[in-house]
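**Student:** Contents of work.csv (CSV, C-alpha atoms) are below:
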chain,number,residue,atom,x,y,z
I,158,MET,CA,4.9,-17.2,14.5
I,159,VAL,CA,3.4,-14.9,12.0
I,160,THR,CA,-0.4,-14.6,11.8
I,161,ARG,CA,-2.4,-14.7,8.6
I,162,GLU,CA,-3.4,-11.1,9.1
I,163,GLN,CA,0.2,-9.9,9.6
I,164,LEU,CA,1.2,-11.9,6.5
I,165,LYS,CA,-1.6,-10.4,4.4
I,166,ALA,CA,-0.9,-6.9,5.6
I,167,GLY,CA,2.8,-7.2,4.9
I,168,GLY,CA,2.2,-8.9,1.5
I,169,LEU,CA,-0.3,-6.2,0.5
I,170,ARG,CA,2.3,-3.5,1.4
I,171,ALA,CA,4.9,-5.3,-0.7
I,172,TYR,CA,2.4,-5.7,-3.5
I,173,GLU,CA,1.5,-2.0,-3.6
I,174,ARG,CA,5.2,-1.1,-3.5
I,175,GLY,CA,5.8,-3.4,-6.4
I,176,ARG,CA,2.9,-1.8,-8.4
I,177,LEU,CA,4.3,1.7,-7.7
I,178,ARG,CA,7.8,0.6,-8.7
I,179,THR,CA,6.3,-0.7,-12.0
I,180,ALA,CA,4.3,2.5,-12.5
I,181,LEU,CA,7.3,4.7,-11.9
I,182,ARG,CA,9.2,3.2,-14.9
I,183,VAL,CA,7.2,5.6,-17.1
I,184,THR,CA,9.0,8.5,-15.4
I,185,TRP,CA,12.2,7.5,-17.4
I,186,LEU,CA,10.3,8.3,-20.6
I,187,LEU,CA,8.0,11.2,-19.6
I,188,VAL,CA,10.5,13.4,-17.8
I,189,PRO,CA,13.1,13.5,-20.6
I,190,VAL,CA,10.4,14.0,-23.2
I,191,SER,CA,8.8,16.9,-21.2
I,192,LEU,CA,12.2,18.5,-20.8
I,193,LEU,CA,13.0,18.1,-24.5
I,194,CYS,CA,9.7,19.7,-25.4
I,195,ALA,CA,10.2,22.5,-22.9
I,196,LEU,CA,13.7,23.2,-24.4
I,197,GLU,CA,12.5,22.8,-28.0
I,198,THR,CA,9.3,24.8,-27.9
I,199,GLY,CA,10.5,27.4,-25.4
I,200,ALA,CA,7.1,27.1,-23.6
I,201,GLY,CA,8.6,25.9,-20.3
I,202,GLU,CA,5.6,26.7,-18.1
I,203,THR,CA,3.1,25.0,-20.4
I,204,CYS,CA,5.3,22.0,-20.9
I,205,ALA,CA,5.9,21.7,-17.1
I,206,CYS,CA,2.1,21.9,-16.5
I,207,VAL,CA,1.1,19.5,-19.1
I,208,GLY,CA,4.1,17.2,-18.3
I,209,THR,CA,3.1,17.1,-14.6
I,210,LEU,CA,-0.5,16.3,-15.5
I,211,LEU,CA,0.6,13.6,-17.9
I,212,LEU,CA,3.0,12.1,-15.4
I,213,GLY,CA,0.5,12.1,-12.6
I,214,ALA,CA,-2.2,10.5,-14.7
I,215,ALA,CA,0.2,7.9,-16.1
I,216,LEU,CA,1.5,7.0,-12.7
I,217,TYR,CA,-2.0,6.7,-11.2
I,218,LEU,CA,-3.4,4.6,-14.1
I,219,ARG,CA,-0.3,2.3,-14.3
I,220,TRP,CA,-0.4,1.8,-10.5
I,221,ARG,CA,-4.2,1.1,-10.4
I,222,ASP,CA,-4.5,-1.8,-12.7
I,223,ARG,CA,-3.4,-3.5,-15.9
I,224,GLN,CA,-6.2,-1.9,-18.0
I,225,GLY,CA,-4.9,1.6,-16.9
I,226,ALA,CA,-1.3,0.5,-17.7
I,227,ASN,CA,-2.4,-0.6,-21.2
I,228,ALA,CA,-4.4,2.6,-21.8
I,229,VAL,CA,-1.3,4.7,-20.8
I,230,SER,CA,1.0,2.7,-23.2
I,231,ALA,CA,-1.5,3.0,-26.1
I,232,GLY,CA,-2.1,6.7,-25.3
I,233,LEU,CA,1.6,7.5,-25.3
I,234,ILE,CA,2.1,5.6,-28.6
I,235,ALA,CA,-0.8,7.3,-30.2
I,236,GLY,CA,0.2,10.7,-28.9
I,237,SER,CA,3.8,10.4,-30.0
I,238,LEU,CA,3.0,11.2,-33.7
I,239,PRO,CA,1.2,14.5,-33.1
I,240,LEU,CA,4.0,15.3,-30.5
I,241,VAL,CA,6.8,14.8,-33.0
I,242,VAL,CA,4.9,16.7,-35.8
I,243,GLY,CA,4.1,19.5,-33.4
I,244,LEU,CA,7.8,19.8,-32.5
I,245,ALA,CA,8.8,19.7,-36.2
I,246,LEU,CA,6.2,22.4,-37.1
I,247,GLY,CA,7.4,24.6,-34.3
I,248,ARG,CA,11.0,24.3,-35.5
I,249,LEU,CA,10.4,24.6,-39.3
I,250,SER,CA,7.7,27.3,-39.2
I,251,PRO,CA,8.0,29.5,-36.1
I,252,ALA,CA,5.3,31.7,-37.6
I,253,TYR,CA,2.7,29.0,-36.8
I,254,ALA,CA,3.0,30.1,-33.1
I,255,SER,CA,0.7,33.0,-33.8
I,256,ALA,CA,-1.7,31.1,-36.0
I,257,PRO,CA,-5.4,31.6,-35.4
I,258,LEU,CA,-7.7,28.8,-34.2
I,259,TRP,CA,-9.0,28.2,-37.7
I,260,SER,CA,-5.9,28.0,-39.8
I,261,SER,CA,-3.9,25.5,-41.8
I,262,LEU,CA,-2.0,24.6,-38.7
I,263,THR,CA,-5.2,23.4,-37.1
I,264,ALA,CA,-5.9,21.3,-40.2
I,265,ILE,CA,-2.4,19.8,-40.2
I,266,CYS,CA,-2.6,18.9,-36.6
I,267,LEU,CA,-6.1,17.5,-37.0
I,268,SER,CA,-5.0,15.4,-39.9
I,269,VAL,CA,-2.0,14.1,-37.8
I,270,GLY,CA,-4.2,13.4,-34.8
I,271,LEU,CA,-6.9,11.6,-36.8
I,272,PRO,CA,-4.9,8.4,-37.6
I,273,SER,CA,-3.7,8.2,-34.1
I,274,GLY,CA,-7.3,8.5,-32.8
I,275,ILE,CA,-8.4,5.8,-35.3
I,276,TRP,CA,-5.7,3.5,-34.1
I,277,LEU,CA,-6.7,4.0,-30.5
I,278,GLY,CA,-10.4,3.5,-31.4
I,279,ALA,CA,-9.6,0.3,-33.3
I,280,ARG,CA,-7.8,-1.1,-30.2
I,281,GLY,CA,-10.8,-0.1,-28.1
I,282,ALA,CA,-13.2,-1.7,-30.5
I,283,ARG,CA,-11.2,-4.9,-30.6
I,284,GLY,CA,-11.8,-5.0,-26.8
I,285,GLN,CA,-8.2,-4.6,-25.8
I,286,PHE,CA,-9.2,-2.1,-23.2
I,287,GLY,CA,-12.9,-1.3,-23.7
I,288,VAL,CA,-14.6,2.0,-24.3
I,289,ALA,CA,-13.5,3.4,-20.9
I,290,GLY,CA,-9.9,2.4,-21.6
I,291,ALA,CA,-10.1,4.0,-25.1
I,292,SER,CA,-11.3,7.2,-23.6
I,293,THR,CA,-8.5,7.2,-21.0
I,294,ALA,CA,-6.0,6.4,-23.7
I,295,THR,CA,-7.3,9.2,-25.9
I,296,ALA,CA,-6.9,11.6,-22.9
I,297,ILE,CA,-3.3,10.5,-22.4
I,298,ALA,CA,-2.7,10.9,-26.1
I,299,MET,CA,-4.1,14.4,-26.0
I,300,LEU,CA,-1.8,15.3,-23.2
I,301,ALA,CA,1.2,13.8,-25.0
I,302,ALA,CA,0.3,15.7,-28.2
I,303,SER,CA,-0.1,18.9,-26.2
I,304,LEU,CA,3.5,18.6,-25.1
I,305,GLY,CA,4.8,18.7,-28.6
I,306,CYS,CA,2.2,21.3,-29.9
I,307,ALA,CA,2.9,23.7,-27.0
I,308,GLY,CA,5.3,25.6,-29.3
I,309,VAL,CA,2.7,26.1,-32.0
I,310,GLY,CA,0.1,27.5,-29.7
I,311,LEU,CA,-3.5,26.7,-28.9
I,312,ALA,CA,-4.4,26.1,-32.6
I,313,GLY,CA,-2.0,23.1,-32.8
I,314,ILE,CA,-3.1,21.7,-29.5
I,315,ALA,CA,-6.8,22.0,-30.4
I,316,GLY,CA,-6.3,20.5,-33.8
I,317,ALA,CA,-4.4,17.5,-32.5
I,318,ALA,CA,-6.9,16.9,-29.7
I,319,ALA,CA,-9.8,17.2,-32.1
I,320,GLY,CA,-8.2,14.7,-34.5
I,321,LEU,CA,-7.6,12.2,-31.7
I,322,VAL,CA,-11.1,12.4,-30.4
I,323,LEU,CA,-12.7,12.3,-33.8
I,324,GLY,CA,-10.7,9.4,-34.9
I,325,ALA,CA,-11.3,7.4,-31.7
I,326,VAL,CA,-15.1,8.1,-31.6
I,327,ALA,CA,-15.5,7.4,-35.3
I,328,THR,CA,-13.9,4.0,-34.9
I,329,VAL,CA,-15.4,2.9,-31.5
I,330,MET,CA,-19.0,4.0,-32.0
I,331,PRO,CA,-19.8,2.1,-35.2
I,332,ALA,CA,-18.0,-1.0,-33.8
I,333,ARG,CA,-19.9,-0.9,-30.6
I,334,TYR,CA,-23.3,0.5,-31.5
I,335,GLY,CA,-23.4,0.1,-35.3
M,108,MET,CA,0.4,-30.5,-5.4
M,109,ASP,CA,-3.0,-31.0,-6.9
M,110,ILE,CA,-4.0,-29.3,-10.2
M,111,ALA,CA,-6.9,-27.3,-8.5
M,112,ARG,CA,-4.5,-25.7,-6.1
M,113,ARG,CA,-2.0,-24.9,-8.8
M,114,LYS,CA,-4.8,-23.3,-10.9
M,115,ALA,CA,-6.1,-21.3,-7.9
M,116,ILE,CA,-2.6,-19.9,-7.3
M,117,HIS,CA,-2.2,-19.0,-11.0
M,118,ASP,CA,-5.7,-17.4,-11.1
M,119,ALA,CA,-5.0,-15.3,-8.0
M,120,MET,CA,-1.7,-14.1,-9.5
M,121,VAL,CA,-3.4,-13.2,-12.8
M,122,ARG,CA,-6.1,-11.3,-10.9
M,123,LEU,CA,-3.5,-9.5,-8.8
M,124,SER,CA,-1.4,-8.6,-11.8
M,125,ASP,CA,-4.5,-7.1,-13.3
M,126,GLY,CA,-4.9,-5.0,-10.2
M,127,ASP,CA,-7.7,-6.9,-8.4
M,128,ARG,CA,-6.6,-6.5,-4.8
M,129,SER,CA,-9.4,-8.8,-3.5
M,130,ALA,CA,-7.5,-11.8,-4.8
M,131,PHE,CA,-4.8,-11.4,-2.1
M,132,ASP,CA,-6.8,-13.4,0.5
M,133,LEU,CA,-6.8,-16.3,-2.0
M,134,LEU,CA,-3.1,-15.9,-2.6
M,135,VAL,CA,-2.3,-16.0,1.1
M,136,ASP,CA,-4.5,-19.1,1.7
M,137,GLU,CA,-3.1,-21.1,-1.3
M,138,LEU,CA,0.4,-19.9,-1.8
M,139,TRP,CA,1.7,-19.5,1.8
M,140,PRO,CA,1.6,-23.2,2.8
M,141,VAL,CA,3.3,-24.2,-0.5
M,142,ILE,CA,6.1,-21.6,0.0
M,143,MET,CA,6.5,-22.5,3.6
M,144,SER,CA,7.1,-26.2,2.8
M,145,PHE,CA,9.4,-25.3,-0.1
M,146,VAL,CA,11.5,-23.2,2.1
M,147,GLU,CA,11.6,-25.8,4.9
M,148,ARG,CA,12.9,-28.3,2.4
M,149,GLY,CA,15.5,-25.7,1.4
M,150,VAL,CA,16.8,-24.5,4.8
M,151,GLY,CA,15.5,-27.2,7.1
M,152,ARG,CA,12.9,-27.0,9.8
M,153,SER,CA,14.4,-24.2,11.8
M,154,ALA,CA,13.3,-20.9,13.3
M,155,ASP,CA,14.8,-19.2,10.3
M,156,ALA,CA,12.6,-21.1,7.9
M,157,GLU,CA,9.5,-19.0,8.7
M,158,ASP,CA,11.5,-15.7,8.3
M,159,VAL,CA,12.9,-16.8,5.0
M,160,ALA,CA,9.4,-18.0,3.8
M,161,GLN,CA,8.0,-14.7,4.8
M,162,GLU,CA,10.7,-12.8,2.9
M,163,VAL,CA,10.0,-15.0,-0.1
M,164,PHE,CA,6.3,-14.4,0.1
M,165,TYR,CA,6.8,-10.6,0.3
M,166,ARG,CA,9.2,-10.7,-2.6
M,167,ILE,CA,6.7,-12.6,-4.7
M,168,SER,CA,3.9,-10.2,-3.7
M,169,SER,CA,6.1,-7.2,-4.7
M,170,ARG,CA,6.8,-8.7,-8.2
M,171,ILE,CA,3.2,-9.8,-9.1
M,172,ALA,CA,2.7,-6.5,-11.0
M,173,ASP,CA,5.3,-7.8,-13.5
M,174,PHE,CA,3.8,-11.3,-13.7
M,175,ASP,CA,3.4,-12.6,-17.2
M,176,ARG,CA,0.0,-14.3,-17.3
M,177,ASN,CA,1.2,-16.8,-20.1
M,178,ARG,CA,3.5,-18.4,-17.6
M,179,ASP,CA,2.5,-20.8,-14.8
M,180,GLY,CA,2.1,-18.9,-11.6
M,181,LEU,CA,3.4,-21.5,-9.3
M,182,SER,CA,6.6,-22.1,-11.4
M,183,TRP,CA,7.2,-18.4,-11.5
M,184,ALA,CA,6.8,-18.2,-7.7
M,185,PHE,CA,9.2,-21.2,-7.2
M,186,GLY,CA,11.7,-19.4,-9.5
M,187,ILE,CA,11.7,-16.4,-7.1
M,188,ALA,CA,11.7,-18.6,-4.1
M,189,SER,CA,14.7,-20.6,-5.4
M,190,TYR,CA,16.6,-17.4,-6.0
M,191,GLU,CA,15.8,-16.0,-2.6
M,192,LEU,CA,16.9,-19.3,-1.0
M,193,MET,CA,20.2,-19.1,-2.8
M,194,THR,CA,20.7,-15.6,-1.6
M,195,GLN,CA,19.8,-16.6,1.9
M,196,ARG,CA,22.4,-19.5,1.7
M,197,LYS,CA,25.1,-17.1,0.4
M,198,ARG,CA,24.3,-14.7,3.2
M,199,THR,CA,24.5,-17.5,5.8
M,200,GLN,CA,27.8,-18.7,4.3
M,201,ARG,CA,29.2,-15.2,4.3
M,202,ARG,CA,28.2,-14.8,8.0
M,203,ARG,CA,30.0,-18.1,8.7
M,204,GLU,CA,33.1,-17.0,6.9
M,205,VAL,CA,33.2,-13.8,9.0
M,206,HIS,CA,32.8,-15.9,12.1
M,207,ASP,CA,35.6,-18.1,11.0
M,208,GLU,CA,37.8,-15.1,10.4
M,209,THR,CA,37.1,-13.9,13.9
M,210,ALA,CA,37.9,-17.3,15.3
M,211,LEU,CA,41.2,-17.3,13.4
M,212,ALA,CA,42.0,-13.9,14.7
M,213,THR,CA,41.3,-15.2,18.3
M,214,GLU,CA,43.5,-18.2,17.7
M,215,ALA,CA,46.2,-15.9,16.4
M,216,ALA,CA,45.9,-13.9,19.6
M,217,HIS,CA,46.2,-17.2,21.6
M,218,GLY,CA,49.2,-18.1,19.5
M,219,ALA,CA,51.0,-15.0,20.8
M,220,SER,CA,50.4,-16.0,24.4
M,221,GLN,CA,51.6,-19.5,23.6
M,222,GLU,CA,54.8,-18.0,22.4
M,223,GLU,CA,55.1,-16.2,25.7
M,224,VAL,CA,54.4,-19.5,27.5
M,225,LEU,CA,57.2,-21.1,25.5
M,226,LEU,CA,59.6,-18.3,26.3
M,227,ASN,CA,58.7,-18.6,30.0
M,228,ARG,CA,59.3,-22.3,29.8
M,229,GLU,CA,62.7,-21.8,28.2
M,230,LEU,CA,63.6,-19.3,30.9
M,231,VAL,CA,62.5,-21.7,33.6
M,232,LEU,CA,64.6,-24.5,32.0
M,233,ALA,CA,67.6,-22.2,31.8
M,234,LEU,CA,67.1,-21.3,35.4
M,235,GLU,CA,66.8,-24.9,36.4
M,236,GLN,CA,70.1,-25.6,34.5
M,237,ALA,CA,71.8,-22.8,36.3
M,238,VAL,CA,70.4,-23.9,39.7
M,239,GLY,CA,71.4,-27.5,38.9
M,240,ALA,CA,75.0,-26.2,38.6
M,241,LEU,CA,74.8,-25.0,42.3
M,242,THR,CA,75.9,-27.2,45.2
M,243,GLU,CA,73.3,-29.0,47.3
M,244,GLU,CA,74.1,-26.6,50.1
M,245,ASP,CA,73.6,-23.5,48.0
M,246,ARG,CA,70.3,-24.8,46.8
M,247,SER,CA,69.3,-25.5,50.4
M,248,ILE,CA,70.3,-21.9,51.4
M,249,LEU,CA,68.2,-20.5,48.6
M,250,GLY,CA,65.2,-22.6,49.7
M,251,LEU,CA,65.0,-24.5,46.4
M,252,VAL,CA,65.1,-28.0,48.0
M,253,PRO,CA,63.2,-29.2,51.0
M,254,ASN,CA,65.4,-28.6,53.8
M,255,THR,CA,65.3,-31.1,56.6
M,256,ALA,CA,67.6,-29.2,58.9
M,257,ASP,CA,66.2,-26.4,60.9
M,258,PRO,CA,67.5,-23.1,59.4
M,259,GLY,CA,67.1,-21.3,62.7
M,260,PRO,CA,66.4,-17.6,63.1
M,261,ALA,CA,67.5,-15.5,60.1
M,262,ASN,CA,70.7,-13.7,61.3
M,263,ALA,CA,73.4,-11.7,59.6
M,264,ALA,CA,75.5,-14.8,58.8
M,265,THR,CA,72.6,-16.5,57.1
M,266,ARG,CA,71.8,-13.4,55.1
M,267,LYS,CA,75.4,-13.1,54.1
M,268,ARG,CA,75.5,-16.8,52.9
M,269,LYS,CA,72.3,-16.3,50.9
M,270,GLN,CA,73.8,-13.2,49.3
M,271,ARG,CA,76.9,-15.1,48.4
M,272,THR,CA,74.9,-18.0,46.9
M,273,LEU,CA,72.8,-15.6,44.8
M,274,GLY,CA,76.0,-14.0,43.6
M,275,ARG,CA,77.3,-17.5,42.5
M,276,LEU,CA,74.0,-18.2,40.8
M,277,ARG,CA,74.3,-14.9,38.9
M,278,GLY,CA,77.8,-15.8,37.9
M,279,LEU,CA,76.7,-19.2,36.7
M,280,TRP,CA,73.8,-17.6,34.7
M,281,ARG,CA,76.3,-15.2,33.0
M,282,SER,CA,78.7,-17.9,32.3
M,283,ILE,CA,76.0,-20.0,30.6
M,284,TYR,CA,73.8,-17.4,28.8
M,285,GLY,CA,76.0,-14.3,28.8
M,286,ASP,CA,75.1,-10.8,30.0
M,287,SER,CA,72.0,-10.4,27.7
Turn the structure described in the file into structure tokens.
**Tutor:**
Amino acid sequence: MVTREQLKAGGLRAYERGRLRTALRVTWLLVPVSLLCALETGAGETCACVGTLLLGAALYLRWRDRQGANAVSAGLIAGSLPLVVGLALGRLSPAYASAPLWSSLTAICLSVGLPSGIWLGARGARGQFGVAGASTATAIAMLAASLGCAGVGLAGIAGAAAGLVLGAVATVMPARYG
Amino acid sequence: MDIARRKAIHDAMVRLSDGDRSAFDLLVDELWPVIMSFVERGVGRSADAEDVAQEVFYRISSRIADFDRNRDGLSWAFGIASYELMTQRKRTQRRREVHDETALATEAAHGASQEEVLLNRELVLALEQAVGALTEEDRSILGLVPNTADPGPANAATRKRKQRTLGRLRGLWRSIYGDS
């Protein structure tokens, strides 16, 4: 005869395993994307580092709760645009790799990150995952964008990150405190 | 099943799917008795029922992360429980089939020994037929019929008579069944 405590302990273990299994599904997306970025940009170490960070954060957030899982999904969607543009810029204009911090590359990446940030901020403002969720999603989006912009150097990464943050803040703040 | 309990189960599942671990106590208190009685109806009130119910409960717990809050929690749980019960039944059936196959193999082994018994019986019948062809005296010498007369001490003459009688029996056997 199983006791209530044994049942609860076993059930909780099964529950955590289930949450981890659900969280691990993101691996199927992030590992190939990180590998692709590493191959495409040639910045293997940077991509491995950022990819590991992104995977770790995504796994933890998705395992923790639904809000974290939603933030990861939104962040990855928002980060995919700067990621793709960063990869395209690296392929079309390899000279951008040595671009200074204040350059046209930064402006391009910022202009690509901005709409993604606005989209994230709008979701946060609508209360889909709150301000904390919007911040987390923005961080995830920045990591995803960094994967694609690794090939165009720090200027690209900084531009995309600035665009994402500016867009998110510009949308969330007026909606919340305006 | 009252509506309040149904709602409590659903709410606990929603909270757990959102990541609120503190709702697990509520789930154990509300869902476990329902699952237990559902399984008992499915597999009968046996010692296995509790094990199956436990398995079902753990399976539900492990899949709560994927629970869609727009669905009814209890119906979703019953869906998993039904599938688990079906799997359990199939497992039991397969076990029974393996048992039956083993029983058949044993019966087949017994069949081989029955064949041997039949062969022995045929041999005994054949021997009886050959012995039946002997004279009463010869059968008495071989000790195959209750001998009322006292045979006396075994001497050379008796041994010789026995030898001759056995020779006749061998001859009869050969004449009926051949040398094989």
**Student:** So, counting all atoms listed in the file, which residue among I:Leu300, I:Leu244, I:Leu277, I:Ala291 is closest to I:Ala200?
**Tutor:**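 Checking each of I:Leu300, I:Leu244, I:Leu277, I:Ala291 against I:Ala200, counting all atoms listed in the file, the winner is I:Leu244.
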**Student:** For M:Asp132, work out the shell of residues within 10 Å, counting only C-alpha atoms and skipping chain neighbours fewer than 5 positions away, then give it as number ranges by chain.
**Tutor:** I: 161-162, 165, 169; M: 119, 137-138
**Student:** Identify which of the residues I:Ala302, I:Arg333, I:Leu323, I:Thr198 lies closest to I:Arg248, counting only C-alpha atoms when measuring atom-to-atom distances.
**Tutor:**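 With only C-alpha atoms as the atom set, the closest residue is I:Thr198.
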**Student:** Using all atoms listed in the file, find the residues of chain I whose closest atom to chain M is at most 7 Å away, then write them as a ChimeraX atom specification.
**Tutor:** /I:165,167-168,171-172,174-176,179,221-223
**Student:** List the neighbours of stretch 272-274 of chain M out to 8 Å using only C-alpha atoms; skip same-chain residues closer than 4 positions along the sequence, and give me the result as JSON, numbers by chain.
**Tutor:** {"M": [245, 248, 249, 268, 278]}
**Student:** What is the atom CA of M:His117 to atom CA of M:Met143 distance in Å?
**Tutor:** 17.4 Å
**Student:** How far is it from atom CA of I:Leu216 to atom CA of I:Val183, in Å with one decimal?
**Tutor:**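 Atom-to-atom, atom CA of I:Leu216 to atom CA of I:Val183, that is 7.3 Å.
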**Student:** Can you put N, CA and C atoms back into stretch 290-309 of chain I and show it as a PDB file, in the frame of the given file?
**Tutor:**
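Produced file result.pdb, reproduced below:
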ATOM      1  N   GLY I 290     -11.365   2.385 -21.421  1.00  0.00           N
ATOM      2  CA  GLY I 290      -9.900   2.400 -21.600  1.00  0.00           C
ATOM      3  C   GLY I 290      -9.539   3.230 -22.839  1.00  0.00           C
ATOM      4  N   ALA I 291     -10.371   3.161 -23.895  1.00  0.00           N
ATOM      5  CA  ALA I 291     -10.100   4.000 -25.100  1.00  0.00           C
ATOM      6  C   ALA I 291     -10.208   5.452 -24.786  1.00  0.00           C
ATOM      7  N   SER I 292     -11.196   5.805 -23.964  1.00  0.00           N
ATOM      8  CA  SER I 292     -11.300   7.200 -23.600  1.00  0.00           C
ATOM      9  C   SER I 292     -10.122   7.676 -22.778  1.00  0.00           C
ATOM     10  N   THR I 293      -9.688   6.825 -21.827  1.00  0.00           N
ATOM     11  CA  THR I 293      -8.500   7.200 -21.000  1.00  0.00           C
ATOM     12  C   THR I 293      -7.284   7.304 -21.921  1.00  0.00           C
ATOM     13  N   ALA I 294      -7.123   6.346 -22.826  1.00  0.00           N
ATOM     14  CA  ALA I 294      -6.000   6.400 -23.700  1.00  0.00           C
ATOM     15  C   ALA I 294      -5.983   7.624 -24.586  1.00  0.00           C
ATOM     16  N   THR I 295      -7.186   8.021 -25.031  1.00  0.00           N
ATOM     17  CA  THR I 295      -7.300   9.200 -25.900  1.00  0.00           C
ATOM     18  C   THR I 295      -6.898  10.471 -25.044  1.00  0.00           C
ATOM     19  N   ALA I 296      -7.304  10.500 -23.785  1.00  0.00           N
ATOM     20  CA  ALA I 296      -6.900  11.600 -22.900  1.00  0.00           C
ATOM     21  C   ALA I 296      -5.417  11.693 -22.743  1.00  0.00           C
ATOM     22  N   ILE I 297      -4.807  10.529 -22.560  1.00  0.00           N
ATOM     23  CA  ILE I 297      -3.300  10.500 -22.400  1.00  0.00           C
ATOM     24  C   ILE I 297      -2.668  10.935 -23.701  1.00  0.00           C
ATOM     25  N   ALA I 298      -3.224  10.468 -24.825  1.00  0.00           N
ATOM     26  CA  ALA I 298      -2.700  10.900 -26.100  1.00  0.00           C
ATOM     27  C   ALA I 298      -2.785  12.363 -26.340  1.00  0.00           C
ATOM     28  N   MET I 299      -3.894  12.935 -25.901  1.00  0.00           N
ATOM     29  CA  MET I 299      -4.100  14.400 -26.000  1.00  0.00           C
ATOM     30  C   MET I 299      -3.053  15.150 -25.224  1.00  0.00           C
ATOM     31  N   LEU I 300      -2.791  14.669 -24.019  1.00  0.00           N
ATOM     32  CA  LEU I 300      -1.800  15.300 -23.200  1.00  0.00           C
ATOM     33  C   LEU I 300      -0.397  15.230 -23.805  1.00  0.00           C
ATOM     34  N   ALA I 301      -0.093  14.032 -24.337  1.00  0.00           N
ATOM     35  CA  ALA I 301       1.200  13.800 -25.000  1.00  0.00           C
ATOM     36  C   ALA I 301       1.343  14.741 -26.199  1.00  0.00           C
ATOM     37  N   ALA I 302       0.267  14.818 -26.978  1.00  0.00           N
ATOM     38  CA  ALA I 302       0.300  15.700 -28.200  1.00  0.00           C
ATOM     39  C   ALA I 302       0.440  17.137 -27.783  1.00  0.00           C
ATOM     40  N   SER I 303      -0.187  17.524 -26.668  1.00  0.00           N
ATOM     41  CA  SER I 303      -0.100  18.900 -26.200  1.00  0.00           C
ATOM     42  C   SER I 303       1.337  19.308 -25.878  1.00  0.00           C
ATOM     43  N   LEU I 304       2.096  18.346 -25.405  1.00  0.00           N
ATOM     44  CA  LEU I 304       3.500  18.600 -25.100  1.00  0.00           C
ATOM     45  C   LEU I 304       4.260  19.090 -26.308  1.00  0.00           C
ATOM     46  N   GLY I 305       4.058  18.343 -27.411  1.00  0.00           N
ATOM     47  CA  GLY I 305       4.800  18.700 -28.600  1.00  0.00           C
ATOM     48  C   GLY I 305       4.211  19.917 -29.315  1.00  0.00           C
ATOM     49  N   CYS I 306       2.874  20.129 -29.188  1.00  0.00           N
ATOM     50  CA  CYS I 306       2.200  21.300 -29.900  1.00  0.00           C
ATOM     51  C   CYS I 306       2.247  22.535 -29.045  1.00  0.00           C
ATOM     52  N   ALA I 307       2.852  22.481 -27.858  1.00  0.00           N
ATOM     53  CA  ALA I 307       2.900  23.700 -27.000  1.00  0.00           C
ATOM     54  C   ALA I 307       3.559  24.846 -27.711  1.00  0.00           C
ATOM     55  N   GLY I 308       4.535  24.521 -28.557  1.00  0.00           N
ATOM     56  CA  GLY I 308       5.300  25.600 -29.300  1.00  0.00           C
ATOM     57  C   GLY I 308       4.510  26.240 -30.365  1.00  0.00           C
ATOM     58  N   VAL I 309       3.490  25.555 -30.893  1.00  0.00           N
ATOM     59  CA  VAL I 309       2.700  26.100 -32.000  1.00  0.00           C
ATOM     60  C   VAL I 309       1.412  26.740 -31.539  1.00  0.00           C
TER      61      VAL I 309
END
